[in-house]
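Asker: Below you will find the structure I want to go over with you.
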Amino acid sequence: MATKRAREIPPTVDDILHYSRIVMLNDPFKEIAPKEEDRHFRALFGCSPDVSLILWYKLLRNDLVPDKGTILHMLWTLMYCKIYPKWTTMKKLTSADPKTLRHWIGLFRDSIALLECSVIRWSKRKKGDQLNDCLVSVDCVDFPIPHAGRRFHTHKWKFHSALRYEIAVSIIHGECVWINGPYEAGLWNDIMIFRNALLHELEDGERVESDNGLRGVSPQYAKCPLSIGNLVECEDMQQKVRSRHETINKRFKQWRIMKNIYMGSIEHHGGFFRTVAIVTQLCIEHGEPLFSIAYEDPHFDDDSYFQEPASNNNDSENEE
């Protein structure tokens with residue numbers, strides 16, 4: 001008589017913590033104070049155990065878990081991105097061979113990056129739409145790499161080499177809704193990157209909030225501090241939008257693989273960037289939002305947006 005195959009039990013947060021204790025070379029069955037364990041987990045893997053579990057379920061539902069891949073291998077990938085150690089250090093931390101580590105980290109990097117379409121969605125910019133002209137803030141951020149010639153030079157890193165990425169954040173809910181890159185920092189400035197892709201995603205009459213890097217397409221497609229007709233009473237509100245955008249840039253750089261000079265193959269940098277972006281967005285969605293702001297922009301077609309200079313009524317009517 002044939003026996004039934006045992007039903008697989010869905011993993012829980014306890015399973016995530018079990019594997020994390022293995023990585024940290026602790027007793028996997030030894031209980032630790034919850035707050036202390038959560039703090040250690042975040043320091044090593046860059047997110048909470050709950051977000052790690054959500055990430056695992058998303059990989060399962062999209063059939064993206066590599067063959068024979070486990071939660072442990074996913075945690076290796078998150079740890080590598082968070083602390084970005086040398087492979088010899090990684091070996092001591094995990095007791096795994098560097099060749100094995102490279103294999104699984106590479107597989108999970110590529111698998112997590114494929115979640116971009118389901119996690120970072122451009123359509124989410126309209127969530128809670130208040131009919132503003134500007135639905136997102138846009139900025140480019142540079143991440144350092146070893147010296148690679150003038151094509152990659154960036155003034156943001158004292159003319160060291162860097163890869164440049166474009167990030168858009170929804171203004172109303174503060175979620176990451178667009179990522180684009182990488183680009184050579186020395187060849188592509190902010191406005192070139194914007195014109196290359198994001199510009200074509202805007203609907204009729206839609207604009208973006210940005211710094212002066214997009215001044216060349218303002219006021220038709222962007223609103224920046226030096227835009228023509230920018231109202232003085234809106235400057236404080238716009239500054240808050242740009243400040244919050246810098247907050248998400250800072251969250252990206254809390255991952256050392258983004259902050260430190262990336263020493264791996266440049267062709268894999270985009271995969272690691274997307275892994276960090278996806279985990280960051282999941283954190284925002286599940287308990288770690290950016291600070292909220294009140295935003296209501298003047299519509300582009302308002303008569304009050306462009307004000308004609310007042311005429312001088314004191315001029316003499318008749319001059320001889």
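Residues are named by chain letter and number: chains run A, B, ... in the order of the structure tokens, numbers start at 1 in each chain, and ligands are numbered from 1 in the order shown.
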List the spatial neighbours of A:Thr275 as a ChimeraX atom specification - criterion: any atom at most 7 Å away, only C-alpha atoms, same-chain residues fewer than 6 positions off excluded.
Answerer: /A:109,112-113
Asker: Determine which residues of stretch 58-261 of chain A DSSP labels as alpha helix (DSSP H) from the backbone of this structure, then write them out as a ChimeraX atom specification.
Answerer: /A:58-61,71-83,87-94,98-113,116-119,190-196,235-253,256-259
Asker: Neighbouring residues of A:Gly149 were defined as those with any atom within 12 Å, considering only C-alpha atoms; residues of the same chain fewer than 3 positions away were excluded. Please report them as a list in words.
Answerer: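 The residues that qualify are Ile145, Pro146, Phe152, His153, Thr154, Phe159, His160, Ser161, Ala162, Glu184, Ala185, Gly186 and Leu187 of chain A.
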Asker: Counting only C-alpha atoms, figure out which residue out of A:Ile171, A:Val141, A:Leu59, A:Met74 gets nearest to A:Lys126.
Answerer: A:Ile171
Asker: Find the residues around A:Thr280 up to 12 Å (only C-alpha atoms counted), leave out those fewer than 3 positions away in its own chain, and share them as a ChimeraX atom specification.
Answerer: /A:45-48,51-52,55,78,82,116,119-120,174-177,247-255,273-277,283-290
Asker: I'd like a table as a Markdown table: residues in stretch 84-158 of chain A with an atom no more than 12 Å from stretch 212-225 of chain A, each row giving the shortest atom pair and its distance in Å to one decimal, only C-alpha atoms counted, sorted by chain and rising residue number.
Answerer:
| residue | atom | partner | partner_atom | distance |
| --- | --- | --- | --- | --- |
| A:Asp133 | CA | A:Tyr221 | CA | 9.5 |
| A:Cys134 | CA | A:Lys223 | CA | 8.0 |
| A:Leu135 | CA | A:Ala222 | CA | 10.8 |
| A:Val136 | CA | A:Ala222 | CA | 10.1 |
| A:Ser137 | CA | A:Ala222 | CA | 9.3 |
| A:Val138 | CA | A:Leu214 | CA | 9.1 |
| A:Asp139 | CA | A:Gly213 | CA | 8.2 |
| A:Cys140 | CA | A:Gly213 | CA | 8.9 |
| A:Val141 | CA | A:Gly213 | CA | 11.7 |
Asker: What is the atom CA of A:Lys127 to atom CA of A:Val169 distance in Å?
Answerer: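 Result for atom CA of A:Lys127 versus atom CA of A:Val169: 11.9 Å, one decimal.
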